[in-house]
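K.L.:
My structure is stored as data-v6.txt, with compact mmCIF, C-alpha atoms and all ligand atoms.
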# COMPACT_ATOMS: atom_id res chain seq x y z
CA MET I 23 0.00 0.00 0.00
CA SER I 24 2.93 2.36 -0.60
CA GLU I 25 0.88 5.09 -2.32
CA PHE I 26 -2.02 4.70 0.11
CA ASP I 27 -2.62 4.89 3.83
CA LEU I 28 -5.15 2.84 5.76
CA GLU I 29 -6.53 5.02 8.57
CA LEU I 30 -9.14 4.71 11.27
CA LEU I 31 -12.22 6.71 10.30
CA SER I 32 -12.00 10.22 11.76
CA ASP I 33 -12.88 13.82 10.97
CA ARG I 34 -9.67 14.07 8.94
CA GLN I 35 -11.38 12.30 6.01
CA ASP I 36 -14.31 13.40 3.81
CA ARG I 37 -16.88 10.74 4.68
CA LYS I 38 -19.76 12.94 3.39
CA GLY I 39 -18.28 12.99 -0.12
CA PHE I 40 -17.98 9.21 -0.44
CA ARG I 41 -19.98 7.69 -3.34
CA CYS I 42 -19.85 3.97 -4.16
CA GLY I 43 -23.18 3.38 -5.92
CA ARG I 44 -24.85 1.67 -2.99
CA GLU I 45 -26.76 4.21 -0.90
CA SER I 46 -26.90 2.09 2.28
CA LEU I 47 -23.08 1.87 2.35
CA GLU I 48 -22.69 5.61 1.71
CA ARG I 49 -25.17 6.42 4.50
CA TYR I 50 -23.51 4.01 6.93
CA LEU I 51 -20.15 5.70 6.41
CA ARG I 52 -21.60 9.21 6.56
CA GLU I 53 -23.94 8.81 9.53
CA VAL I 54 -23.24 5.68 11.57
CA ALA I 55 -19.67 4.39 11.32
CA LYS I 56 -17.95 7.03 13.45
CA GLY I 57 -20.45 6.63 16.30
CA HIS I 58 -20.04 2.86 16.22
CA LEU I 59 -16.26 3.27 16.28
CA SER I 60 -16.29 5.62 19.27
CA LYS I 61 -18.64 3.28 21.19
CA GLY I 62 -16.61 0.14 20.38
CA VAL I 63 -19.41 -1.46 18.36
CA SER I 64 -17.31 -1.86 15.21
CA ILE I 65 -14.11 -0.51 13.66
CA THR I 66 -14.15 1.27 10.28
CA ARG I 67 -10.92 1.85 8.40
CA VAL I 68 -10.61 3.97 5.27
CA LEU I 69 -8.08 4.01 2.45
CA VAL I 70 -6.73 7.42 1.40
CA GLU I 71 -4.03 8.57 -0.98
CA ARG I 72 -0.77 9.28 0.84
CA GLY I 73 0.08 12.96 1.22
CA THR I 74 -3.36 14.44 0.53
CA GLN I 75 -4.61 17.38 2.56
CA LYS I 76 -7.56 17.06 4.90
CA PRO I 77 -10.39 16.47 4.45
CA LYS I 78 -8.94 13.50 2.62
CA ALA I 79 -10.97 11.79 -0.11
CA ILE I 80 -11.94 8.24 0.87
CA LEU I 81 -11.03 5.66 -1.79
CA GLY I 82 -12.67 2.79 0.01
CA TYR I 83 -13.54 1.50 3.45
CA PHE I 84 -14.29 -1.62 5.44
CA THR I 85 -15.85 -2.31 8.81
CA LEU I 86 -14.97 -5.18 11.14
CA THR I 87 -16.85 -6.29 14.21
CA SER I 88 -16.59 -9.20 16.64
CA THR I 89 -19.61 -11.40 16.81
CA VAL I 90 -20.74 -14.87 17.81
CA ALA I 91 -22.73 -17.37 15.77
CA SER I 92 -23.84 -20.95 16.13
CA ALA I 93 -21.33 -23.32 14.59
CA VAL I 94 -23.21 -24.97 11.75
CA ASN I 95 -21.28 -26.04 8.67
CA TRP I 96 -18.52 -23.43 8.85
CA PRO I 97 -16.39 -24.52 5.87
CA GLY I 98 -12.81 -25.47 6.70
CA THR I 99 -13.10 -25.33 10.50
CA ALA I 100 -12.03 -27.98 12.99
CA LYS I 101 -14.47 -30.80 13.63
CA GLY I 102 -16.27 -30.95 16.96
CA LEU I 103 -16.87 -27.25 17.57
CA PRO I 104 -19.09 -26.68 20.62
CA SER I 105 -22.78 -26.32 19.88
CA MET I 106 -22.87 -23.02 21.78
CA PRO I 107 -22.26 -19.87 19.67
CA VAL I 108 -18.56 -19.44 18.79
CA PRO I 109 -16.62 -16.19 18.21
CA LEU I 110 -15.73 -14.89 14.77
CA VAL I 111 -15.08 -11.59 13.02
CA LEU I 112 -17.67 -10.14 10.64
CA LEU I 113 -16.62 -8.03 7.67
CA GLY I 114 -19.77 -5.97 7.99
CA LYS I 115 -19.13 -3.42 5.21
CA LEU I 116 -16.81 -3.09 2.23
CA ALA I 117 -17.08 -0.42 -0.45
CA VAL I 118 -14.89 1.36 -2.99
CA ALA I 119 -15.45 4.89 -4.33
CA GLU I 120 -16.98 4.86 -7.83
CA SER I 121 -14.03 6.67 -9.39
CA TRP I 122 -11.63 4.03 -7.99
CA GLN I 123 -13.59 0.86 -8.81
CA ASN I 124 -12.03 -1.89 -10.97
CA ARG I 125 -8.49 -0.84 -10.00
CA GLY I 126 -7.83 -3.46 -7.35
CA ILE I 127 -8.76 -1.36 -4.32
CA ALA I 128 -11.18 -4.00 -2.98
CA SER I 129 -8.44 -6.60 -3.05
CA LEU I 130 -6.16 -4.27 -1.06
CA LEU I 131 -8.94 -3.68 1.47
CA LEU I 132 -9.72 -7.39 1.73
CA ALA I 133 -6.05 -8.23 2.31
CA ALA I 134 -5.87 -5.67 5.12
CA ALA I 135 -9.16 -6.87 6.64
CA ARG I 136 -7.96 -10.47 6.62
CA GLN I 137 -4.69 -9.55 8.33
CA ILE I 138 -6.35 -7.44 11.04
CA ALA I 139 -9.06 -10.06 11.69
CA ALA I 140 -6.49 -12.86 11.93
CA ALA I 141 -4.33 -10.92 14.41
CA SER I 142 -7.34 -10.11 16.54
CA MET I 143 -8.60 -13.71 16.60
CA ARG I 144 -5.11 -15.13 17.27
CA GLY I 145 -5.05 -12.91 20.37
CA SER I 146 -8.50 -13.59 21.74
CA GLY I 147 -10.10 -16.50 19.87
CA GLY I 148 -12.26 -16.77 16.81
CA ILE I 149 -12.90 -19.33 14.08
CA GLY I 150 -12.65 -17.09 11.01
CA LEU I 151 -13.98 -14.18 8.98
CA ALA I 152 -17.60 -14.00 7.78
CA ILE I 153 -19.29 -11.71 5.29
CA ASP I 154 -22.91 -11.22 4.22
CA PRO I 155 -22.77 -10.26 0.51
CA ALA I 156 -25.51 -7.87 -0.55
CA ASP I 157 -26.51 -9.99 -3.58
CA GLU I 158 -25.71 -13.15 -5.60
CA ASP I 159 -23.30 -11.30 -7.93
CA LEU I 160 -21.18 -10.43 -4.93
CA VAL I 161 -21.11 -14.08 -3.84
CA ALA I 162 -19.10 -14.73 -7.01
CA PHE I 163 -16.88 -11.72 -6.22
CA TYR I 164 -16.02 -12.95 -2.70
CA ALA I 165 -15.61 -16.55 -3.90
CA LYS I 166 -12.63 -15.32 -5.95
CA TYR I 167 -10.97 -14.47 -2.63
CA GLY I 168 -11.62 -17.93 -1.17
CA PHE I 169 -14.81 -17.21 0.81
CA GLN I 170 -17.24 -20.14 0.77
CA LYS I 171 -20.99 -20.20 1.32
CA VAL I 172 -21.92 -21.28 4.84
CA ASP I 173 -25.27 -22.84 3.90
CA ASP I 174 -28.07 -22.60 1.36
CA HIS I 175 -30.40 -20.47 3.43
CA SER I 176 -28.45 -17.20 3.40
CA LEU I 177 -25.71 -15.54 1.37
CA ARG I 178 -23.31 -15.65 4.34
CA MET I 179 -19.76 -16.60 3.35
CA PHE I 180 -16.77 -17.58 5.45
CA LEU I 181 -12.98 -17.98 5.49
CA PRO I 182 -11.49 -20.07 8.33
CA ILE I 183 -8.78 -18.41 10.43
CA ASP I 184 -6.01 -20.67 9.04
CA SER I 185 -6.72 -19.36 5.52
CA LEU I 186 -6.70 -15.67 6.42
CA CYS I 187 -2.97 -14.96 6.12
C1 LIG K 201 -17.82 -4.58 -5.08
C2 LIG K 201 -16.70 -3.56 -4.92
C3 LIG K 201 -16.31 -3.48 -3.44
C4 LIG K 201 -15.49 -4.02 -5.76
O1 LIG K 201 -14.44 -3.07 -5.59
P1 LIG K 201 -13.28 -2.85 -6.69
O2 LIG K 201 -12.18 -2.10 -6.06
O3 LIG K 201 -13.90 -2.32 -7.92
O4 LIG K 201 -12.84 -4.37 -6.94
P2 LIG K 201 -11.46 -4.87 -7.56
O5 LIG K 201 -10.92 -3.81 -8.49
O6 LIG K 201 -10.55 -5.37 -6.48
O7 LIG K 201 -11.98 -6.11 -8.36
C5 LIG K 201 -12.71 -5.90 -9.53
C6 LIG K 201 -13.44 -7.18 -9.87
O8 LIG K 201 -14.64 -7.24 -9.08
C7 LIG K 201 -15.78 -7.43 -9.92
N1 LIG K 201 -16.95 -6.75 -9.35
C8 LIG K 201 -17.05 -5.45 -9.06
N2 LIG K 201 -18.29 -5.20 -8.56
C9 LIG K 201 -18.94 -6.38 -8.55
C10 LIG K 201 -20.25 -6.77 -8.16
N3 LIG K 201 -21.14 -5.90 -7.67
N4 LIG K 201 -20.57 -8.05 -8.28
C11 LIG K 201 -19.70 -8.96 -8.76
N5 LIG K 201 -18.44 -8.67 -9.15
C12 LIG K 201 -18.09 -7.38 -9.05
C13 LIG K 201 -15.36 -6.78 -11.23
O9 LIG K 201 -16.13 -7.31 -12.29
C14 LIG K 201 -13.88 -7.20 -11.33
O10 LIG K 201 -13.80 -8.54 -11.77
P3 LIG K 201 -12.51 -9.07 -12.60
O11 LIG K 201 -11.32 -8.93 -11.67
O12 LIG K 201 -12.85 -10.49 -12.89
O13 LIG K 201 -12.41 -8.17 -13.80
C15 LIG K 201 -17.10 -2.15 -5.48
O14 LIG K 201 -17.56 -2.29 -6.81
C16 LIG K 201 -18.16 -1.46 -4.65
O15 LIG K 201 -17.84 -0.80 -3.68
N6 LIG K 201 -19.43 -1.58 -5.03
C17 LIG K 201 -20.52 -0.90 -4.34
C18 LIG K 201 -20.65 -1.34 -2.91
C19 LIG K 201 -20.83 -2.85 -2.73
O16 LIG K 201 -21.61 -3.48 -3.45
N7 LIG K 201 -20.12 -3.41 -1.72
C20 LIG K 201 -20.18 -4.82 -1.39
C21 LIG K 201 -21.25 -5.04 -0.37
S1 LIG K 201 -21.26 -6.74 0.19
Just give me the structure as structure tokens.

P.N.:
Amino acid sequence: MSEFDLELLSDRQDRKGFRCGRESLERYLREVAKGHLSKGVSITRVLVERGTQKPKAILGYFTLTSTVASAVNWPGTAKGLPSMPVPLVLLGKLAVAESWQNRGIASLLLAAARQIAAASMRGSGGIGLAIDPADEDLVAFYAKYGFQKVDDHSLRMFLPIDSLC
């Protein structure tokens, strides 16, 4: 990421100017993400070009949160997981600014998210990284990065911790 910096969301970046083509993800960044970060609900990180003046344009962002879920059919995990809910990290949001799409920014963001999630789970437990793609097309997109469908009843996808990095 030599020409870019990954930063925690703050007032130093222009979250109001972010446009990715999906209104719910623009609104989340503009109105919700910073409050969730300050309350410890989730952590949003943004990618900016190195050396730009504030407010810095946001090229893309992702949000991670810790969660628990019942262990049913998590692909690639150890056999014999307890039937009680187990910890994992959820990649709750991922979006790239329209003017930067199709230039590999999502793969940079996904690599960073995987690394951060793995470090966090290696320190405090967790079976892997989950994502809830917004539609079927995105299932194919995340499958390219190794995510596998958890079951047939939702779009949820998963990468076990040993495959994260
Ligand atoms: C989906 C998204 C994150 C991809 O970001 P990006 O930086 O353009 O992705 P990359 O440049 O790393 O990869 C581009 C590849 O993703 C594919 N892709 C982009 N958007 C896609 C979509 N909505 N569905 C399926 N594939 C998609 C492109 O066709 C391209 O495929 P190729 O490598 O085979 O040519 C971005 O288009 C975006 O933010 N979209 C709006 C918000 C959104 O839908 N977020 C996901 C919510 S789960």

K.L.:
In terms of the shortest atom-to-atom distance over all atoms listed in the file, which of I:Pro109, I:Gly73, I:Gly98, I:Gly57 is closest to Ser142 (chain I)?

P.N.:
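Ranked by minimum distance to Ser142 (chain I), first place goes to I:Pro109.
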
K.L.:
Hey, what's within 10 Å of region 31-47 of chain I if we count only C-alpha atoms and toss same-chain stuff fewer than 2 positions away? As a PyMOL selection string, please?

P.N.:
chain I and resi 28-29+49-56+59-60+65-70+74-85+115-123+156

K.L.:
Got time to write the residues from that selection, C-alpha atoms, as a compact mmCIF listing (two decimals), in the frame of the given file?

P.N.:
# COMPACT_ATOMS: atom_id res chain seq x y z
CA LEU I 28 -5.15 2.84 5.76
CA GLU I 29 -6.53 5.02 8.57
CA ARG I 49 -25.17 6.42 4.50
CA TYR I 50 -23.51 4.01 6.93
CA LEU I 51 -20.15 5.70 6.41
CA ARG I 52 -21.60 9.21 6.56
CA GLU I 53 -23.94 8.81 9.53
CA VAL I 54 -23.24 5.68 11.57
CA ALA I 55 -19.67 4.39 11.32
CA LYS I 56 -17.95 7.03 13.45
CA LEU I 59 -16.26 3.27 16.28
CA SER I 60 -16.29 5.62 19.27
CA ILE I 65 -14.11 -0.51 13.66
CA THR I 66 -14.15 1.27 10.28
CA ARG I 67 -10.92 1.85 8.40
CA VAL I 68 -10.61 3.97 5.27
CA LEU I 69 -8.08 4.01 2.45
CA VAL I 70 -6.73 7.42 1.40
CA THR I 74 -3.36 14.44 0.53
CA GLN I 75 -4.61 17.38 2.56
CA LYS I 76 -7.56 17.06 4.90
CA PRO I 77 -10.39 16.47 4.45
CA LYS I 78 -8.94 13.50 2.62
CA ALA I 79 -10.97 11.79 -0.11
CA ILE I 80 -11.94 8.24 0.87
CA LEU I 81 -11.03 5.66 -1.79
CA GLY I 82 -12.67 2.79 0.01
CA TYR I 83 -13.54 1.50 3.45
CA PHE I 84 -14.29 -1.62 5.44
CA THR I 85 -15.85 -2.31 8.81
CA LYS I 115 -19.13 -3.42 5.21
CA LEU I 116 -16.81 -3.09 2.23
CA ALA I 117 -17.08 -0.42 -0.45
CA VAL I 118 -14.89 1.36 -2.99
CA ALA I 119 -15.45 4.89 -4.33
CA GLU I 120 -16.98 4.86 -7.83
CA SER I 121 -14.03 6.67 -9.39
CA TRP I 122 -11.63 4.03 -7.99
CA GLN I 123 -13.59 0.86 -8.81
CA ALA I 156 -25.51 -7.87 -0.55

K.L.:
With distances taken over only C-alpha atoms and all ligand atoms, which of I:Leu160, I:Leu30, I:Ala91, I:Val111 is nearest to ligand LIG 201 (chain K)?

P.N.:
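Using only C-alpha atoms and all ligand atoms, ligand LIG 201 (chain K) sits closest to I:Leu160.
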
K.L.:
Using only C-alpha atoms, pick whichever of I:Leu132, I:Ile138, I:Met143, I:Ala100 has the shortest atom-to-atom distance to Phe169 (chain I).

P.N.:
I:Leu132

K.L.:
Which is closer to Ile153 (chain I) than all the others in I:Ser185, I:Gln137, I:Asn124, I:Thr89, using all atoms listed in the file?

P.N.:
I:Thr89

K.L.:
Quick one: what's the axis-aligned box for ligand LIG 201 (chain K), all listed atoms, 6 Å on every side, centre and edges in Å to one decimal, as JSON?

P.N.:
{"center_x": -16.1, "center_y": -5.6, "center_z": -6.8, "size_x": 23.1, "size_y": 21.7, "size_z": 26.0}

K.L.:
For a quick check of understanding, using all atoms listed in the file, which of I:Glu25, I:Asp159, I:Glu48, I:Glu71 has the smallest distance to ligand LIG 201 (chain K)?

P.N.:
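Going through I:Glu25, I:Asp159, I:Glu48, I:Glu71 one by one, the smallest distance to ligand LIG 201 (chain K) is for I:Asp159.
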
K.L.:
One number please: atom S1 of ligand LIG 201 (chain K) to CA of Ile183 (chain I), in Å, one decimal.

P.N.:
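Result for atom S1 of ligand LIG 201 (chain K) versus CA of Ile183 (chain I): 19.9 Å, one decimal.
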
K.L.:
Just how far from CA of Ala128 (chain I) is CA of Ser24 (chain I), in Å to one decimal?

P.N.:
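Answer for the CA of Ser24 (chain I) to CA of Ala128 (chain I) separation: 15.7 Å.
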
K.L.:
Could you check which of I:Phe180, I:Phe26, I:Tyr167, I:Trp96 is closest to Ser129 (chain I), using only C-alpha atoms?

P.N.:
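Nearest candidate to Ser129 (chain I) out of I:Phe180, I:Phe26, I:Tyr167, I:Trp96: I:Tyr167.
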
K.L.:
Taking (-20.3, -17.1, 5.4) in the coordinates of the supplied file, I want to know which residues reach to within 8 Å of it, counting only C-alpha atoms; could you give the answer as a list in words?

P.N.:
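Those within range, by chain then number, are Trp96, Leu151, Ala152, Ile153, Asp154, Phe169, Gln170, Lys171, Val172, Asp173, Leu177, Arg178, Met179, Phe180 and Leu181 of chain I.
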